[in-house]
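K.L.:
Just dropping this structure here.
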2 protein chains.
Amino acid sequence: MSNLDANTWFTEISDRDGSAFSLRINKKLESKQSPFQLVEMYETTDFGNLMIIDGCTMVSTRENFFYHEMMSHPALFSHPAPKNVVIIGGGDCGTLREVLKHPDIKTVHQIDIDEVVTEMSLKYFPELCESNDDPRASVMFDDGIKFMAEAAPESIDVIIVDGTDPVGPGEGLFNHAFYTSCLKALRTGGILIQQSESPLMHQQLLRETRAAMLDVGFADLQTLPFPQPIYPSGLWSATMARKGENFTAFRAQDVESATFNTEYYNVGIHQGALATPNFLKRALAK
Amino acid sequence: MSNLDANTWFTEISDRDGSAFSLRINKKLESKQSPFQLVEMYETTDFGNLMIIDGCTMVSTRENFFYHEMMSHPALFSHPAPKNVVIIGGGDCGTLREVLKHPDIKTVHQIDIDEVVTEMSLKYFPELCESNDDPRASVMFDDGIKFMAEAAPESIDVIIVDGTDPVGPGEGLFNHAFYTSCLKALRTGGILIQQSESPLMHQQLLRETRAAMLDVGFADLQTLPFPQPIYPSGLWSATMARKGENFTAFRAQDVESATFNTEYYNVGIHQGALATPNFLKRALAK
């Protein structure tokens, strides 16, 4: 039984999972209580910089690419020709950077409720913010739920819900009212994608999320598992919901010919993420 | 910063990775120092029973299926008609169980150096040991390196190296001498598969393992990433090496028509595991 010295380790206990994950730290960089949450930054020994929100690991330099790439490229390459994208949450700006790698995207509106997250990311994850000044991007700090409720109908191709767990500020992003707003704002064929927690540990939430998306009228769903080293179980998921049409084959040819760099995502990874493990098939059928 | 009470949490610190993983425990079940290593058993709150060897998490009830299925089915379905299998290590017997699900397998010799591991597994993971009495299985406790050095040439179709990390008893399983023995003992077209650590955290070891396999004369390699919730980074890998022939398409039709149950593995999962993430392609090309 090893002991973790609280001066040299950051530990997140996931009470609901009976597990905990720790990273060794060189030092605490900064801590700021926003009107919404406590945002803390650490320098780790092996994972680069680390952002903690209300005690939960959010982003590290070393492995954030899994999450940001899987929250953006599968949805964008599943849509035949996305032009207008909205990101709800996403304050670290890593998803925004990935979306803006697609040259045919015309506008990206990002709405995160907490400016402190972006302020910290600009300082400690400058590489994630390198596209914030792209003329196609609008980085706003406001209530994403309200933004979606007021969005013009049939005005958006892809909505990316890059929020925290369904507690605190992220709670309202996992319910019928929010999904109804998203459905209305999407054009036909448009895609909503949301982080949907661990397919191993949080199956009840995943089932409820998927059921709510279908309840409000989305036509088809895909849940994609992917590695997430600093989140509970190391395995996470994103769920995509399509308006008015079933999912068809993604634009594999366009992935192959894309000129931008990714660390995780490629054609085979996208295809692989569409393969549902047997345990998850059974869990989703319950 | 959360504190983990050492009475209610088991923590493994991975010093080389700057990370730690903890599971909440109800109680310690048993602890036994074998001639080779310290084997400890815990009952956890959320992961079932947990086996610890020399302080490292090895097996839990809840998630061992990822590892055991990926150490067996991809190799067996990549071989056109495997009959004779050897497992080096594998004392918890979970891999043995998976191999014996294949009805055309004629013999499986399992050689683990430490009988205490199997003794503990029989007691605390009886489901993993349910096929130990299969007449096709020989469960032996001996030196696997010696066993392979003395194996009859051209007598084995698939060798599964289900050992610990390359320190302690597992060290001799990651070198040229051992791979040379394996190559000699395999029939042409035969496959060696070995757990090859985290593709995110242990790239140097993975490169060395692959280089050594090619050095001794294996013809072709495949490295398959898969989730491993209780090991560092949550992402692990198995590397397959083929004697005398390149890998061709695996027997997907036979996977589809297989009548046995798996929790993770299926055709899509196997295909997905063959997709190498971009970061790993670059790391392996170094």
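Ligands are numbered from 1 in the order shown, residues from 1 within each chain, and chains are lettered A, B, ... in the order they appear in the structure tokens.
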Set the distance at 10 Å and use only C-alpha atoms: which residues neighbour B:Leu100 once local chain neighbours fewer than 3 positions away are removed? I'd like the list as a list of chain:residue names.
P.N.:
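Non-adjacent residues within range: B:Ser72, B:Val85, B:Thr95, B:Leu96, B:Arg97, B:Pro103, B:Asp104, B:Ile105, B:Lys106, B:Thr107, B:Val108, B:Ser131, B:Asn132, B:Asp134, B:Arg136, B:Ala137.
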K.L.:
Kindly determine which residues of chain A lie within 8 Å of chain B, considering only C-alpha atoms, and give the answer as number ranges by chain.
P.N.:
A: 1-4, 6, 10-13, 17-24, 44-47, 55, 227-230, 233-235, 262-266, 268-269, 271-279
K.L.:
Contacts of B:Gln253 at 10 Å or less, counting only C-alpha atoms, minus same-chain residues fewer than 4 places along, as a list in words?
P.N.:
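So, after excluding close chain neighbours, the residues are Phe77, Ser257, Ala258 and Val267 of chain B.
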K.L.:
Can you work out the spacing between atom CA of B:Gly94 and atom CA of B:Cys129 in Å, to one decimal?
P.N.:
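So the two atoms, atom CA of B:Gly94 and atom CA of B:Cys129, lie 6.7 Å apart.
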K.L.:
Figure out the distance between atom CA of B:Pro74 and atom CA of B:Ser121, please, to one decimal in Å.
P.N.:
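Atom CA of B:Pro74 lies at a distance of 24.1 Å from atom CA of B:Ser121.
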K.L.:
Could you tell me how far atom CA of A:Asp165 sits from atom CA of A:Leu128, in Å to one decimal place?
P.N.:
20.9 Å
K.L.:
Determine which residues of stretch 25-265 of chain B receive a DSSP assignment of helix (DSSP H, G or I), computed from the backbone, and state them as a PyMOL selection string.
P.N.:
chain B and resi 64-70+73-78+94-100+115-124+126-129+144-150+168-173+176-185+203-215+232-234+252-257
K.L.:
Excluding B:Val158 and its own-chain neighbours fewer than 2 positions away, which residues fall within 10 Å of it when counting only C-alpha atoms? Please give them as a PyMOL selection string.
P.N.:
chain B and resi 72+75-76+78-79+82-87+108+155-156+160-161+182+185-187+189-193+240-242
K.L.:
Using only C-alpha atoms, which protein or nucleic acid residues come within 9 Å of B:Lys184? Drop anything in the same chain fewer than 5 positions from it, and give the result as a VMD selection string.
P.N.:
chain B and resid 148 to 149 151 to 155 179
K.L.:
Any chance you can output those residues with N, CA and C atoms as a short mmCIF file (atom, residue, chain, number, x, y, z; two decimals), in the first residue's frame?
P.N.:
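The result, written out as again02.cif:
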```cif
data_model
loop_
_atom_site.label_atom_id
_atom_site.label_comp_id
_atom_site.auth_asym_id
_atom_site.auth_seq_id
_atom_site.Cartn_x
_atom_site.Cartn_y
_atom_site.Cartn_z
N MET B 148 10.42 -22.90 -23.01
CA MET B 148 10.49 -22.51 -24.43
C MET B 148 11.84 -22.90 -25.03
N ALA B 149 12.91 -22.80 -24.25
CA ALA B 149 14.24 -23.16 -24.76
C ALA B 149 14.30 -24.64 -25.11
N ALA B 151 11.53 -26.55 -25.88
CA ALA B 151 10.37 -27.00 -26.65
C ALA B 151 10.81 -27.61 -27.98
N ALA B 152 10.08 -28.62 -28.43
CA ALA B 152 10.39 -29.25 -29.72
C ALA B 152 10.24 -28.22 -30.84
N PRO B 153 11.18 -28.20 -31.78
CA PRO B 153 11.07 -27.26 -32.90
C PRO B 153 9.79 -27.50 -33.70
N GLU B 154 9.24 -26.43 -34.21
CA GLU B 154 8.08 -26.52 -35.11
C GLU B 154 6.92 -27.31 -34.50
N SER B 155 6.64 -27.07 -33.22
CA SER B 155 5.62 -27.86 -32.54
C SER B 155 4.43 -27.05 -32.06
N TYR B 179 12.93 -14.75 -27.44
CA TYR B 179 12.23 -14.69 -28.73
C TYR B 179 12.80 -15.72 -29.71
#
```
K.L.:
Please return as a ChimeraX atom specification: the residues of stretch 38-193 of chain B that backbone DSSP assigns to strand (DSSP E).
P.N.:
/B:38-44,49-53,56-60,84-89,107-112,137-141,156-162,186-193
K.L.:
Have a look at A:Val59, A:Ile113, A:Leu284, A:Ala177 and name the one nearest to A:Asp92; count only C-alpha atoms.
P.N.:
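That would be A:Val59, the residue with the smallest distance to A:Asp92.
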K.L.:
Smallest atom-to-atom distance to A:Pro166: which of A:Ala285, A:Leu205, A:Val139, A:Cys93, using only C-alpha atoms?
P.N.:
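Going through A:Ala285, A:Leu205, A:Val139, A:Cys93 one by one, the smallest distance to A:Pro166 is for A:Leu205.
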K.L.:
Let me make sure I understand: among A:Leu224, A:Met120, A:Met71, A:Ile145, which one has the smallest atom-to-atom distance to A:Ile53 if we use only C-alpha atoms?
P.N.:
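Of A:Leu224, A:Met120, A:Met71, A:Ile145, the one nearest A:Ile53, counting only C-alpha atoms, is A:Met120.
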